[in-house]
Amino acid sequence: MPSFDIVSEFDQHEAANAVDQANREVQSRFDFKGVDASFTLEGDKVQLEAEVDFQLKQMLDVLRNRLIARGIDARCMDVKEAVLSGVKARQEVVLKQGLDQAEAKDVVKRIKASKLKVQAQTQGEKVRVTGKKRDDLQSVMALLRGEEGPDLPLQFDNFRD
């Protein structure tokens with residue numbers, strides 16, 4: 001029986017490359033001349049440091065553009081609140097990977113509401129969709145990519161025919 005998995009993940013190596021490129025871009029930009037600003041990647045968290053809040057917003061745009069250029073969906077970014085302390089401003093960006101329980105439930109609910117002849121079930125941090133026809137599975141993919149789909153960075157893998 002044809003099936004595929006719905007996951008939300010990104011390539012960790014590409015994320016590291018994107019952070020390195022963002023660091024280089026910030027160091028070479030004219031509006032950051034003489035400013036102590038940097039990105040630091042620790043696991044799946046990116047730490048932004050600058051002198052003022054306005055620069056953090058510019059750095060966030062640079063990071064978002066670099067991630068998109070490296071093929072990582074910007075919707076995986078969970079931007080935390082900026083922390084201003086005297087001379088430094090810090091902000092943390094968590095790069096989300098995997099579907100949590102609520103997101104997986106929402107995806108399953110959307111699939112069932114579409115009335116397609118497929119079954120969807122949550123398996124850990126992914127959702128497995130099975131159906132008798134390959135066309136039905138492709139319709140589910142189109143539904144989740146379209147306007148009615150969730151605002152999540154979804155990928156479809158492990159397609160079995």
# chains A, B, ... in the order shown; residues from 1 in each chain; ligands from 1
call {"tool": "select_by_dssp", "arguments": {"residues": "stretch 49-150 of chain A", "states": "strand (DSSP E)", "output": "VMD selection string"}}
result
chain A and resid 49 to 50 77 to 79 83 to 85 88 to 95 118 to 123 126 to 131
call {"tool": "residues_around", "arguments": {"residues": "stretch 82-92 of chain A", "least_positions_apart": "6", "cutoff": "10 Å", "atoms": "only C-alpha atoms", "output": "MDAnalysis selection string"}}
result
chainID A and resid 36:41 45:57 60
call {"tool": "closest_atom_pairs", "arguments": {"of": "stretch 7-69 of chain A", "to": "stretch 98-104 of chain A", "cutoff": "9 Å", "atoms": "only C-alpha atoms", "output": "CSV"}}
result
residue,atom,partner,partner_atom,distance
A:Val7,CA,A:Gly98,CA,6.3
A:Ser8,CA,A:Gly98,CA,4.8
A:Glu9,CA,A:Gly98,CA,5.7
call {"tool": "write_last_selection", "arguments": {"atoms": "N, CA and C atoms", "output": "tab-separated table (two decimals), in the first residue's frame"}}
result
chain	number	residue	atom	x	y	z
A	7	VAL	N	7.27	15.22	7.57
A	7	VAL	CA	8.23	15.59	8.60
A	7	VAL	C	8.50	17.09	8.52
A	8	SER	N	9.15	17.60	9.54
A	8	SER	CA	9.58	18.99	9.57
A	8	SER	C	11.02	18.99	10.06
A	9	GLU	N	11.96	19.04	9.13
A	9	GLU	CA	13.37	18.99	9.52
A	9	GLU	C	14.20	19.82	8.53
call {"tool": "atom_distance", "arguments": {"atom1": "atom CA of A:Phe4", "atom2": "atom CA of A:Leu137"}}
result
7.8 Å
call {"tool": "residues_around", "arguments": {"residues": "A:Phe156", "least_positions_apart": "5", "cutoff": "12 Å", "atoms": "only C-alpha atoms", "output": "short mmCIF file (atom, residue, chain, number, x, y, z; two decimals) with all heavy atoms, in the first residue's frame"}}
result
data_model
loop_
_atom_site.label_atom_id
_atom_site.label_comp_id
_atom_site.auth_asym_id
_atom_site.auth_seq_id
_atom_site.Cartn_x
_atom_site.Cartn_y
_atom_site.Cartn_z
N SER A 3 2.55 4.79 0.67
CA SER A 3 2.58 5.63 1.87
C SER A 3 3.73 6.63 1.77
O SER A 3 4.62 6.48 0.96
CB SER A 3 2.75 4.78 3.12
OG SER A 3 4.04 4.20 3.15
N PHE A 4 3.67 7.66 2.62
CA PHE A 4 4.76 8.60 2.77
C PHE A 4 4.70 9.20 4.16
O PHE A 4 3.71 9.08 4.86
CB PHE A 4 4.75 9.68 1.68
CG PHE A 4 3.63 10.67 1.79
CD1 PHE A 4 3.79 11.85 2.51
CD2 PHE A 4 2.41 10.44 1.19
CE1 PHE A 4 2.77 12.77 2.61
CE2 PHE A 4 1.38 11.36 1.28
CZ PHE A 4 1.57 12.53 2.00
N ASP A 5 5.79 9.85 4.56
CA ASP A 5 5.87 10.49 5.87
C ASP A 5 5.91 12.00 5.70
O ASP A 5 6.55 12.52 4.79
CB ASP A 5 7.14 10.05 6.62
CG ASP A 5 7.12 8.58 6.98
OD1 ASP A 5 6.02 8.02 7.11
OD2 ASP A 5 8.21 7.99 7.13
N ILE A 6 5.25 12.69 6.61
CA ILE A 6 5.29 14.15 6.67
C ILE A 6 6.19 14.51 7.84
O ILE A 6 5.92 14.11 8.97
CB ILE A 6 3.89 14.74 6.88
CG1 ILE A 6 2.95 14.32 5.76
CG2 ILE A 6 3.96 16.27 6.97
CD1 ILE A 6 1.49 14.66 6.01
N VAL A 7 7.27 15.22 7.57
CA VAL A 7 8.23 15.59 8.60
C VAL A 7 8.50 17.09 8.52
O VAL A 7 8.15 17.75 7.56
CB VAL A 7 9.56 14.80 8.46
CG1 VAL A 7 9.34 13.32 8.67
CG2 VAL A 7 10.19 15.06 7.11
N SER A 8 9.15 17.60 9.54
CA SER A 8 9.58 18.99 9.57
C SER A 8 11.02 18.99 10.06
O SER A 8 11.27 18.92 11.27
CB SER A 8 8.69 19.81 10.49
OG SER A 8 9.14 21.14 10.53
N GLU A 9 11.96 19.04 9.13
CA GLU A 9 13.37 18.99 9.52
C GLU A 9 14.20 19.82 8.53
O GLU A 9 13.71 20.23 7.48
CB GLU A 9 13.87 17.56 9.58
CG GLU A 9 13.63 16.75 8.35
CD GLU A 9 13.88 15.27 8.54
OE1 GLU A 9 13.73 14.75 9.65
OE2 GLU A 9 14.25 14.64 7.55
N LYS A 126 6.62 12.57 13.36
CA LYS A 126 6.22 12.59 11.95
C LYS A 126 4.81 12.03 11.83
O LYS A 126 4.28 11.43 12.75
CB LYS A 126 7.20 11.79 11.09
CG LYS A 126 7.29 10.32 11.44
CD LYS A 126 8.35 9.65 10.61
CE LYS A 126 8.48 8.19 11.01
NZ LYS A 126 9.51 7.51 10.25
N VAL A 127 4.22 12.25 10.66
CA VAL A 127 2.88 11.75 10.38
C VAL A 127 2.99 10.84 9.17
O VAL A 127 3.53 11.24 8.13
CB VAL A 127 1.90 12.91 10.09
CG1 VAL A 127 0.54 12.37 9.67
CG2 VAL A 127 1.77 13.81 11.30
N ARG A 128 2.51 9.61 9.29
CA ARG A 128 2.52 8.67 8.17
C ARG A 128 1.15 8.67 7.51
O ARG A 128 0.14 8.56 8.18
CB ARG A 128 2.87 7.27 8.66
CG ARG A 128 2.60 6.22 7.62
CD ARG A 128 3.67 5.27 7.24
NE ARG A 128 5.03 5.63 7.39
CZ ARG A 128 5.95 4.79 7.86
NH1 ARG A 128 5.62 3.59 8.27
NH2 ARG A 128 7.21 5.16 7.92
N VAL A 129 1.14 8.82 6.19
CA VAL A 129 -0.09 8.84 5.42
C VAL A 129 -0.07 7.64 4.49
O VAL A 129 0.90 7.43 3.75
CB VAL A 129 -0.22 10.14 4.59
CG1 VAL A 129 -1.50 10.15 3.79
CG2 VAL A 129 -0.16 11.35 5.50
N LEU A 137 -2.43 10.23 -2.43
CA LEU A 137 -1.30 10.71 -1.63
C LEU A 137 -0.77 12.02 -2.18
O LEU A 137 -0.42 12.93 -1.42
CB LEU A 137 -0.20 9.66 -1.60
CG LEU A 137 -0.54 8.32 -0.93
CD1 LEU A 137 0.66 7.39 -0.97
CD2 LEU A 137 -1.02 8.52 0.48
N GLN A 138 -0.72 12.13 -3.50
CA GLN A 138 -0.26 13.37 -4.11
C GLN A 138 -1.25 14.51 -3.85
O GLN A 138 -0.86 15.67 -3.70
CB GLN A 138 -0.02 13.17 -5.60
CG GLN A 138 1.18 12.29 -5.86
CD GLN A 138 1.35 11.92 -7.31
OE1 GLN A 138 0.41 12.00 -8.09
NE2 GLN A 138 2.56 11.51 -7.68
N VAL A 140 -2.94 14.81 -1.08
CA VAL A 140 -2.66 15.22 0.30
C VAL A 140 -1.46 16.16 0.32
O VAL A 140 -1.48 17.19 1.02
CB VAL A 140 -2.41 13.98 1.21
CG1 VAL A 140 -1.87 14.40 2.56
CG2 VAL A 140 -3.68 13.18 1.37
N MET A 141 -0.42 15.84 -0.44
CA MET A 141 0.75 16.72 -0.52
C MET A 141 0.36 18.11 -1.04
O MET A 141 0.77 19.12 -0.49
CB MET A 141 1.82 16.11 -1.43
CG MET A 141 2.52 14.93 -0.87
SD MET A 141 3.75 14.38 -2.07
CE MET A 141 4.22 12.83 -1.36
N ALA A 142 -0.45 18.13 -2.09
CA ALA A 142 -0.89 19.40 -2.66
C ALA A 142 -1.73 20.18 -1.65
O ALA A 142 -1.60 21.41 -1.54
CB ALA A 142 -1.67 19.17 -3.94
N LEU A 144 -1.54 20.11 1.67
CA LEU A 144 -0.71 20.64 2.74
C LEU A 144 0.23 21.74 2.26
O LEU A 144 0.65 22.59 3.04
CB LEU A 144 0.08 19.51 3.40
CG LEU A 144 -0.78 18.49 4.16
CD1 LEU A 144 0.09 17.36 4.69
CD2 LEU A 144 -1.55 19.14 5.28
N ARG A 145 0.59 21.73 0.99
CA ARG A 145 1.43 22.79 0.43
C ARG A 145 0.62 24.04 0.10
O ARG A 145 1.16 25.13 0.04
CB ARG A 145 2.11 22.32 -0.85
CG ARG A 145 3.28 21.44 -0.61
CD ARG A 145 4.02 21.19 -1.92
NE ARG A 145 5.08 20.25 -1.70
CZ ARG A 145 5.23 19.13 -2.38
NH1 ARG A 145 4.39 18.80 -3.34
NH2 ARG A 145 6.24 18.32 -2.12
#
call {"tool": "residues_around", "arguments": {"residues": "A:Lys132", "least_positions_apart": "2", "cutoff": "10 Å", "atoms": "only C-alpha atoms", "output": "ChimeraX atom specification"}}
result
/A:1-3,117-119,130,134-137,161
call {"tool": "select_by_dssp", "arguments": {"residues": "stretch 14-111 of chain A", "states": "helix (DSSP H, G or I)", "output": "ChimeraX atom specification"}}
result
/A:14-28,30-32,53-69,74-76,101-111
call {"tool": "closest_residue", "arguments": {"among": "A:Pro150, A:Ala22, A:Ser114, A:Ser28", "to": "A:Ala69", "atoms": "only C-alpha atoms"}}
result
A:Ala22
call {"tool": "atom_distance", "arguments": {"atom1": "atom CA of A:Leu67", "atom2": "atom CA of A:Gly149"}}
result
22.0 Å
call {"tool": "closest_residue", "arguments": {"among": "A:Asn158, A:Ser139, A:Gln121, A:Gln97", "to": "A:Phe10", "atoms": "only C-alpha atoms"}}
result
A:Gln97
call {"tool": "atom_distance", "arguments": {"atom1": "atom CA of A:Asp151", "atom2": "atom CA of A:Ala18"}}
result
22.3 Å
call {"tool": "closest_residue", "arguments": {"among": "A:Ala113, A:Val108, A:Ala15, A:Val93", "to": "A:Ile72", "atoms": "only C-alpha atoms"}}
result
A:Ala15
